[in-house]
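Next up, my_file.cif (mmCIF, C-alpha atoms):
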```
data_data
#
loop_
_atom_site.group_PDB
_atom_site.id
_atom_site.type_symbol
_atom_site.label_atom_id
_atom_site.label_comp_id
_atom_site.auth_asym_id
_atom_site.auth_seq_id
_atom_site.Cartn_x
_atom_site.Cartn_y
_atom_site.Cartn_z
ATOM 1 C CA VAL A 1135 108.026 107.835 96.928
ATOM 2 C CA GLN A 1136 107.017 105.866 99.988
ATOM 3 C CA LEU A 1137 104.038 103.530 99.962
ATOM 4 C CA GLN A 1138 102.153 102.401 103.057
ATOM 5 C CA ALA A 1139 99.758 99.533 102.592
ATOM 6 C CA SER A 1140 97.033 98.490 104.986
ATOM 7 C CA GLY A 1141 94.229 95.971 105.055
ATOM 8 C CA GLY A 1142 94.399 92.351 104.073
ATOM 9 C CA GLY A 1143 93.880 89.401 106.362
ATOM 10 C CA LEU A 1144 91.950 86.153 106.428
ATOM 11 C CA VAL A 1145 88.576 85.772 104.721
ATOM 12 C CA GLN A 1146 86.353 82.888 103.731
ATOM 13 C CA PRO A 1147 85.746 82.050 100.071
ATOM 14 C CA GLY A 1148 83.117 84.362 98.641
ATOM 15 C CA GLY A 1149 83.964 87.072 101.116
ATOM 16 C CA SER A 1150 85.314 90.574 100.651
ATOM 17 C CA LEU A 1151 88.351 92.550 101.710
ATOM 18 C CA ARG A 1152 89.724 95.989 100.988
ATOM 19 C CA VAL A 1153 93.374 96.949 100.884
ATOM 20 C CA SER A 1154 94.614 100.509 100.825
ATOM 21 C CA CYS A 1155 97.872 102.137 99.790
ATOM 22 C CA ALA A 1156 98.874 105.657 100.777
ATOM 23 C CA ALA A 1157 101.680 107.409 98.926
ATOM 24 C CA SER A 1158 103.958 110.040 100.387
ATOM 25 C CA GLY A 1159 107.110 111.848 99.377
ATOM 26 C CA SER A 1160 107.538 112.916 95.743
ATOM 27 C CA ILE A 1161 103.989 112.085 94.764
ATOM 28 C CA PHE A 1162 104.113 114.485 91.822
ATOM 29 C CA THR A 1163 106.360 111.941 90.079
ATOM 30 C CA ILE A 1164 103.680 109.229 90.123
ATOM 31 C CA ASN A 1165 101.971 108.311 86.862
ATOM 32 C CA ALA A 1166 99.958 105.344 88.090
ATOM 33 C CA MET A 1167 99.409 103.259 91.203
ATOM 34 C CA GLY A 1168 98.233 99.754 91.651
ATOM 35 C CA TRP A 1169 98.556 96.325 93.141
ATOM 36 C CA TYR A 1170 100.529 93.238 92.311
ATOM 37 C CA ARG A 1171 100.440 89.902 94.080
ATOM 38 C CA GLN A 1172 102.722 86.954 94.574
ATOM 39 C CA ALA A 1173 101.566 83.525 95.615
ATOM 40 C CA PRO A 1174 103.978 80.920 97.013
ATOM 41 C CA GLY A 1175 106.087 79.438 94.258
ATOM 42 C CA LYS A 1176 104.771 81.857 91.658
ATOM 43 C CA GLN A 1177 105.992 85.042 90.056
ATOM 44 C CA ARG A 1178 104.659 88.432 91.020
ATOM 45 C CA GLU A 1179 101.725 89.374 88.805
ATOM 46 C CA LEU A 1180 99.676 92.449 88.079
ATOM 47 C CA VAL A 1181 96.295 92.647 89.803
ATOM 48 C CA ALA A 1182 95.098 96.139 88.913
ATOM 49 C CA THR A 1183 96.432 99.602 88.241
ATOM 50 C CA ILE A 1184 94.907 103.041 87.873
ATOM 51 C CA THR A 1185 96.438 106.079 86.220
ATOM 52 C CA ASN A 1186 96.260 109.667 87.368
ATOM 53 C CA GLY A 1187 93.595 110.136 84.735
ATOM 54 C CA GLY A 1188 91.497 107.380 86.248
ATOM 55 C CA THR A 1189 92.083 104.672 83.657
ATOM 56 C CA ALA A 1190 92.013 101.265 85.305
ATOM 57 C CA VAL A 1191 93.524 98.018 84.094
ATOM 58 C CA TYR A 1192 92.719 94.635 85.593
ATOM 59 C CA ALA A 1193 94.122 91.152 85.329
ATOM 60 C CA ASP A 1194 91.646 88.861 83.588
ATOM 61 C CA SER A 1195 91.486 86.696 86.695
ATOM 62 C CA VAL A 1196 90.011 89.502 88.814
ATOM 63 C CA LYS A 1197 87.794 91.345 86.324
ATOM 64 C CA GLY A 1198 84.274 91.726 87.629
ATOM 65 C CA ARG A 1199 85.343 90.897 91.185
ATOM 66 C CA PHE A 1200 87.950 93.515 92.107
ATOM 67 C CA THR A 1201 87.648 97.275 91.830
ATOM 68 C CA ILE A 1202 90.512 99.728 92.055
ATOM 69 C CA SER A 1203 89.854 103.347 92.944
ATOM 70 C CA ARG A 1204 91.792 106.388 94.055
ATOM 71 C CA ASP A 1205 91.360 109.344 96.354
ATOM 72 C CA SER A 1206 93.666 111.996 94.952
ATOM 73 C CA ALA A 1207 93.211 114.275 97.948
ATOM 74 C CA LYS A 1208 94.570 111.546 100.205
ATOM 75 C CA ASN A 1209 97.101 110.169 97.683
ATOM 76 C CA THR A 1210 95.565 106.794 98.373
ATOM 77 C CA VAL A 1211 94.541 103.901 96.172
ATOM 78 C CA TYR A 1212 92.040 101.275 97.240
ATOM 79 C CA LEU A 1213 91.482 97.740 96.000
ATOM 80 C CA GLN A 1214 88.061 96.354 96.837
ATOM 81 C CA MET A 1215 88.112 92.586 96.487
ATOM 82 C CA ASN A 1216 84.783 90.764 96.306
ATOM 83 C CA SER A 1217 83.858 87.137 95.661
ATOM 84 C CA LEU A 1218 87.286 86.097 96.837
ATOM 85 C CA LYS A 1219 88.590 82.684 95.859
ATOM 86 C CA PRO A 1220 91.297 80.522 97.422
ATOM 87 C CA GLU A 1221 93.450 81.220 94.372
ATOM 88 C CA ASP A 1222 93.465 84.897 95.326
ATOM 89 C CA THR A 1223 95.618 83.989 98.315
ATOM 90 C CA ALA A 1224 98.909 85.822 98.003
ATOM 91 C CA VAL A 1225 101.026 88.634 99.320
ATOM 92 C CA TYR A 1226 99.709 91.831 97.799
ATOM 93 C CA TYR A 1227 102.170 94.601 96.987
ATOM 94 C CA CYS A 1228 101.350 98.224 96.372
ATOM 95 C CA ASN A 1229 103.104 99.744 93.373
ATOM 96 C CA ALA A 1230 103.693 103.241 92.077
ATOM 97 C CA LEU A 1231 104.904 103.765 88.533
ATOM 98 C CA GLU A 1232 106.735 107.041 88.132
ATOM 99 C CA TYR A 1233 106.790 109.088 84.943
ATOM 100 C CA SER A 1234 110.479 108.194 84.670
ATOM 101 C CA GLY A 1235 109.605 104.519 84.438
ATOM 102 C CA MET A 1236 110.843 103.774 87.928
ATOM 103 C CA ASN A 1237 108.752 101.448 90.068
ATOM 104 C CA ASP A 1238 108.286 101.984 93.783
ATOM 105 C CA TRP A 1239 107.077 99.186 96.020
ATOM 106 C CA GLY A 1240 105.425 99.041 99.394
ATOM 107 C CA LYS A 1241 105.747 96.241 101.893
ATOM 108 C CA GLY A 1242 103.447 93.372 101.099
ATOM 109 C CA THR A 1243 100.250 92.570 102.909
ATOM 110 C CA GLN A 1244 98.992 89.007 103.204
ATOM 111 C CA VAL A 1245 95.574 88.077 101.863
ATOM 112 C CA THR A 1246 94.435 84.560 102.707
ATOM 113 C CA VAL A 1247 91.198 83.091 101.389
ATOM 114 C CA SER A 1248 90.355 79.928 103.225
ATOM 115 C CA SER A 1249 87.505 78.237 105.012
#
```

As structure tokens, the full file:
Amino acid sequence: VQLQASGGGLVQPGGSLRVSCAASGSIFTINAMGWYRQAPGKQRELVATITNGGTAVYADSVKGRFTISRDSAKNTVYLQMNSLKPEDTAVYYCNALEYSGMNDWGKGTQVTVSS
């Protein structure tokens, strides 16, 4: 499975951004897709995931602000990020969890929230 992320960038506090992740290759092996993030000096953490059945899971820190969605026809997952805070600044990584338990990772995309 190959994952191609796009989006990200610099936004002011309170602003919005959307990141996208397109999967290719053996997509039939994918059970769920989502996003993780890693801030400087911190461990990588879950942001949100969504299963093939549409069940979404969010980190407590982003609930009510971020929305994950998927377009199955395009094999793409989107993360809409609203009301962004400086603490959301991190490198965001797209993830695909295969039915085998294997994790696939895309290249990170930088999200910076700063005035």

Q | Gap from CA of Met1215 (chain A) to CA of Asn1165 (chain A) - Å, one decimal | A |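 A separation of 23.1 Å between them.
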
Q) Expanded to explicit residues, what is the PyMOL selection byres ((chain A and resi 1214) around 9) for this file, as a list in words? A)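 Evaluating the PyMOL selection byres ((chain A and resi 1214) around 9) on these coordinates yields Ser1150, Leu1151, Arg1152, Val1153, Ser1154, Arg1199, Phe1200, Thr1201, Ile1202, Ser1203, Tyr1212, Leu1213, Met1215 and Asn1216 of chain A.
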
Q) Can you list, as a list of chain:residue names, the residues that the PyMOL selection byres ((chain A and resi 1193) around 9) selects here? A)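 On this input, the PyMOL selection byres ((chain A and resi 1193) around 9) captures A:Glu1179, A:Leu1180, A:Val1181, A:Ala1182, A:Val1191, A:Tyr1192, A:Asp1194, A:Ser1195, A:Val1196, A:Lys1197.
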
Q: Excluding Leu1144 (chain A) and residues on its chain fewer than 4 positions from it, collect all residues at most 8 Å away from it, counting all atoms listed in the file, and give them as a list in words.
A: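 Answer for this query is Val1245, Thr1246, Val1247 and Ser1248 of chain A.
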
Q) By how many Å are CA of Thr1223 (chain A) and CA of Gly1235 (chain A) apart? A) 28.5 Å

Q) What gap, in Å, lies between CA of Gly1188 (chain A) and CA of Ala1156 (chain A)? A)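 Atom-to-atom, CA of Gly1188 (chain A) to CA of Ala1156 (chain A), that is 16.4 Å.
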
Q: Run the PyMOL selection byres ((chain A and resi 1160) around 12) on the file and write out the hits as a count of residues only.
A: 17

**Q.** For Gly1142 (chain A), the nearest of the candidates A:Gly1198, A:Arg1171, A:Lys1176, A:Arg1204, counting only C-alpha atoms
**A.** A:Arg1171

Q. Using all atoms listed in the file, which residue out of A:Met1236, A:Ala1139, A:Val1225, A:Ala1173 lies closest to Cys1155 (chain A)?
A.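 Residue with the minimum atom-to-atom distance to Cys1155 (chain A): A:Ala1139.
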
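Checking A:Thr1243, A:Asn1229, A:Ser1234, A:Ser1206 one by one against Gly1187 (chain A), counting all atoms listed in the file, you find the shortest gap at A:Ser1206.
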
Around all the atoms of region 1186-1194 of chain A listed in the file, draw an axis-aligned box and extend it by 8 Å on each of the six sides; I want its centre and edge lengths in Å to one decimal, as JSON.
```
{"center_x": 93.9, "center_y": 99.5, "center_z": 85.5, "size_x": 20.8, "size_y": 37.3, "size_z": 19.8}
```

(Q) So, with all atoms listed in the file as the atoms that count, which of A:Ala1207, A:Thr1183, A:Ala1190, A:Gly1168 lies closest to Trp1239 (chain A)? (A) A:Gly1168

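Here the question is which of A:Asn1186, A:Gly1143, A:Pro1174, A:Ala1224 gets nearest to Thr1210 (chain A) using only C-alpha atoms, and that residue is A:Asn1186.
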
Q) Closest to Ser1249 (chain A) among A:Pro1147, A:Gln1172, A:Gln1138, A:Thr1185, using all atoms listed in the file? A)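 Selected residue with least distance to Ser1249 (chain A): A:Pro1147.
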